[in-house]
Amino acid sequence: MEEHKKHRAGFVNIVGNPNVGKSTLSNLLVGERLSIITSKAQTTRHRIMGIVNTDDYQIVFSDTPGVLKPKFKLQESMLESSTGALVDADILLYVTDVVESPTKNQEFLDRVAHEKTPILLVINKIDLLKGQAELEAIVDNWKQILPAAEIFPASALHKFNVDNLMRRIVELLPENPPYFGKDALTDRNSRFFVTEIVREKILLTYEKEVPYATQVIVERFHETENSIHIMVVIYVERETQKAIIIGHGGKKLKHVGIESRKDIESFFGKHVRLEMFVKVEKDWRNRENILRQFGYLD
């Protein structure tokens, strides 16, 4: 009689510098679009958990904010989130790419190198390389920096080598019962994904500092069987930013609303009535009471 297969479950935390493709990779591994993906750095502000379930295993992926030198209290909170991910992982996925300098954030790398957790190093964007020799040089360099890591050259954009990475993750999972219900996709609630969708549209619509000075709060989320009524407030730090967000004759805000509503309807599979307002909360990124209110601090 065949021995019953033991269930595996574990936490896989995805870390690395901004803009190396962590969110794209995370969404591929989870199979759902849970994290913001844009070409702008620092798009992920929270740790976002995506859960993959089969009969035999449960993987809890955590996509973390990119590691950066903090300039605001908000960024201090984001850095704490990334460094905390080193402590509570069963498997650590360190994502880099072929463009960034390997020693861009040496202090964080040193911490990763001292972890006893299995480390899978993903070298993303290899589609940008001219040939095998370039890749071999990058791989050899990373072998010196993180000698304990298993290296996976990959292209999240072209889905290259992601299946092999997933297979290795499953092999490394410890034997555990599931941590979440088998029907769970994420630990985040519906309002959270509305804010992420709206924030993505803001990042794609506006230039320079404005997107990073915005915070999106869902004030109302009323769901019926066929539709959802959502009221969103976009907070900015200055009156000038408010004027930029609204745009001449309200055109810019209307564009953000239309694009957001399309994605929200696609995400929930329901008709959405979306209302948007813009308010000023002066210097919110440096005010602890406001950061706490917005969910960045405990």
# chains A, B, ... in the order shown; residues from 1 in each chain; ligands from 1
$ select_by_dssp --residues "range 34-278 of chain A" --states "helix (DSSP H, G or I)" --output "PyMOL selection string"
chain A and resi 73-87+106-113+126-128+132-145+162-172+190-205+210-213+239-246+248-268
$ select_by_dssp --residues "range 151-293 of chain A" --states "strand (DSSP E or B)" --output "ChimeraX atom specification"
/A:151-153,155,160,175,186,215-223,227-236,271-280
$ write_last_selection --atoms "N, CA and C atoms" --output "CSV table (one decimal), in the first residue's frame"
chain,number,residue,atom,x,y,z
A,151,ILE,N,21.0,29.6,-8.0
A,151,ILE,CA,20.8,30.7,-9.0
A,151,ILE,C,19.8,30.3,-10.1
A,152,PHE,N,18.8,31.1,-10.4
A,152,PHE,CA,17.9,30.9,-11.5
A,152,PHE,C,17.9,32.1,-12.4
A,153,PRO,N,18.6,32.0,-13.5
A,153,PRO,CA,18.5,33.1,-14.6
A,153,PRO,C,17.0,33.0,-15.1
A,155,SER,N,13.4,35.3,-17.1
A,155,SER,CA,12.8,36.5,-17.6
A,155,SER,C,11.3,36.4,-17.2
A,160,PHE,N,10.2,33.0,-18.8
A,160,PHE,CA,11.3,32.0,-19.0
A,160,PHE,C,11.8,31.6,-17.7
A,175,GLU,N,7.3,20.1,5.6
A,175,GLU,CA,6.1,19.4,5.8
A,175,GLU,C,5.3,20.2,6.9
A,186,THR,N,-5.5,35.3,-1.0
A,186,THR,CA,-4.6,36.3,-0.4
A,186,THR,C,-5.2,36.6,1.0
A,215,GLN,N,-1.9,59.0,-1.4
A,215,GLN,CA,-2.4,57.8,-0.7
A,215,GLN,C,-3.8,57.7,-1.0
A,216,VAL,N,-4.2,56.4,-1.3
A,216,VAL,CA,-5.6,56.1,-1.7
A,216,VAL,C,-6.3,55.4,-0.6
A,217,ILE,N,-7.4,55.9,-0.2
A,217,ILE,CA,-8.2,55.3,0.9
A,217,ILE,C,-9.6,55.1,0.3
A,218,VAL,N,-10.1,53.8,0.5
A,218,VAL,CA,-11.5,53.5,0.2
A,218,VAL,C,-12.4,53.9,1.3
A,219,GLU,N,-13.2,54.9,1.2
A,219,GLU,CA,-14.1,55.3,2.2
A,219,GLU,C,-15.4,54.5,2.3
A,220,ARG,N,-15.8,54.0,1.1
A,220,ARG,CA,-17.1,53.3,1.0
A,220,ARG,C,-16.9,52.1,0.1
A,221,PHE,N,-17.4,50.9,0.4
A,221,PHE,CA,-17.3,49.7,-0.4
A,221,PHE,C,-18.6,49.0,-0.1
A,222,HIS,N,-19.6,49.2,-1.0
A,222,HIS,CA,-20.9,48.6,-0.7
A,222,HIS,C,-21.2,47.6,-1.9
A,223,GLU,N,-21.2,46.3,-1.6
A,223,GLU,CA,-21.3,45.3,-2.6
A,223,GLU,C,-22.7,44.6,-2.6
A,227,SER,N,-23.4,44.4,-8.3
A,227,SER,CA,-22.7,45.6,-8.5
A,227,SER,C,-22.0,46.0,-7.2
A,228,ILE,N,-21.0,47.0,-7.3
A,228,ILE,CA,-20.3,47.5,-6.2
A,228,ILE,C,-20.3,49.0,-6.3
A,229,HIS,N,-20.6,49.7,-5.2
A,229,HIS,CA,-20.5,51.2,-5.1
A,229,HIS,C,-19.3,51.5,-4.3
A,230,ILE,N,-18.3,52.2,-4.9
A,230,ILE,CA,-17.0,52.5,-4.2
A,230,ILE,C,-16.8,54.0,-4.2
A,231,MET,N,-16.4,54.5,-3.0
A,231,MET,CA,-16.0,55.9,-2.9
A,231,MET,C,-14.6,55.9,-2.5
A,232,VAL,N,-13.7,56.6,-3.3
A,232,VAL,CA,-12.3,56.6,-3.0
A,232,VAL,C,-11.9,58.1,-2.7
A,233,VAL,N,-11.0,58.2,-1.7
A,233,VAL,CA,-10.4,59.5,-1.5
A,233,VAL,C,-8.9,59.4,-1.8
A,234,ILE,N,-8.4,60.3,-2.7
A,234,ILE,CA,-6.9,60.4,-3.0
A,234,ILE,C,-6.4,61.5,-2.1
A,235,TYR,N,-5.5,61.2,-1.2
A,235,TYR,CA,-4.8,62.2,-0.4
A,235,TYR,C,-3.5,62.6,-1.0
A,236,VAL,N,-3.2,63.9,-1.0
A,236,VAL,CA,-1.9,64.5,-1.4
A,236,VAL,C,-1.4,65.4,-0.3
A,271,HIS,N,-20.4,45.0,-12.1
A,271,HIS,CA,-20.5,46.4,-12.5
A,271,HIS,C,-20.1,47.3,-11.3
A,272,VAL,N,-19.3,48.3,-11.6
A,272,VAL,CA,-18.8,49.2,-10.5
A,272,VAL,C,-19.2,50.6,-10.7
A,273,ARG,N,-19.7,51.3,-9.7
A,273,ARG,CA,-19.9,52.7,-9.6
A,273,ARG,C,-18.8,53.3,-8.8
A,274,LEU,N,-17.9,54.1,-9.4
A,274,LEU,CA,-16.8,54.6,-8.7
A,274,LEU,C,-16.8,56.1,-8.6
A,275,GLU,N,-16.7,56.6,-7.3
A,275,GLU,CA,-16.7,58.0,-7.1
A,275,GLU,C,-15.3,58.3,-6.5
A,276,MET,N,-14.7,59.5,-7.0
A,276,MET,CA,-13.4,59.9,-6.5
A,276,MET,C,-13.3,61.3,-6.0
A,277,PHE,N,-12.6,61.5,-4.9
A,277,PHE,CA,-12.4,62.8,-4.4
A,277,PHE,C,-10.9,63.0,-4.0
A,278,VAL,N,-10.4,64.3,-4.0
A,278,VAL,CA,-9.0,64.5,-3.7
A,278,VAL,C,-9.0,65.5,-2.5
A,279,LYS,N,-8.2,65.1,-1.5
A,279,LYS,CA,-8.0,65.9,-0.3
A,279,LYS,C,-6.6,66.1,0.0
A,280,VAL,N,-6.3,67.2,0.7
A,280,VAL,CA,-4.9,67.5,1.1
A,280,VAL,C,-4.7,67.1,2.6
$ closest_residue --among "A:Pro118, A:Val98, A:Asp110, A:Leu173" --to "Ile145 in chain A" --atoms "only C-alpha atoms"
A:Asp110
$ atom_distance --atom1 "CA of Arg167 in chain A" --atom2 "CA of Ile119 in chain A"
14.4 Å
$ closest_residue --among "A:Leu157, A:Ile244, A:Ala148, A:Ala213" --to "Asn27 in chain A" --atoms "only C-alpha atoms"
A:Leu157
$ atom_distance --atom1 "CA of Ile51 in chain A" --atom2 "CA of Val30 in chain A"
6.5 Å
$ closest_residue --among "A:Glu134, A:Glu259, A:Glu288, A:Asp90" --to "Glu200 in chain A" --atoms "only C-alpha atoms"
A:Glu259
$ atom_distance --atom1 "CA of Val139 in chain A" --atom2 "CA of Ile123 in chain A"
8.1 Å
$ residues_around --residues "Pro178 in chain A" --least-positions-apart "4" --cutoff "8 Å" --atoms "only C-alpha atoms" --output "PyMOL selection string"
chain A and resi 7-9+57-58+182
$ closest_residue --among "A:Leu146, A:Ile138, A:Val210, A:Ile264" --to "Phe192 in chain A" --atoms "only C-alpha atoms"
A:Ile264
$ residues_around --residues "Ser266 in chain A" --least-positions-apart "6" --cutoff "12 Å" --atoms "only C-alpha atoms" --output "CSV table (one decimal) with C-alpha atoms, in the first residue's frame"
chain,number,residue,atom,x,y,z
A,33,ARG,CA,-2.5,40.0,-10.6
A,193,PHE,CA,-7.0,45.8,-4.1
A,194,VAL,CA,-9.2,48.7,-5.0
A,197,ILE,CA,-5.6,49.5,-8.8
A,259,GLU,CA,-9.2,53.3,-16.2
A,260,SER,CA,-9.5,52.3,-12.5
A,272,VAL,CA,-18.8,49.2,-10.5
$ closest_residue --among "A:Lys116, A:Lys159, A:Lys130, A:His255" --to "Lys201 in chain A" --atoms "only C-alpha atoms"
A:His255
$ closest_residue --among "A:Pro147, A:Ser101, A:Glu136, A:Ala156" --to "Thr24 in chain A" --atoms "only C-alpha atoms"
A:Ala156
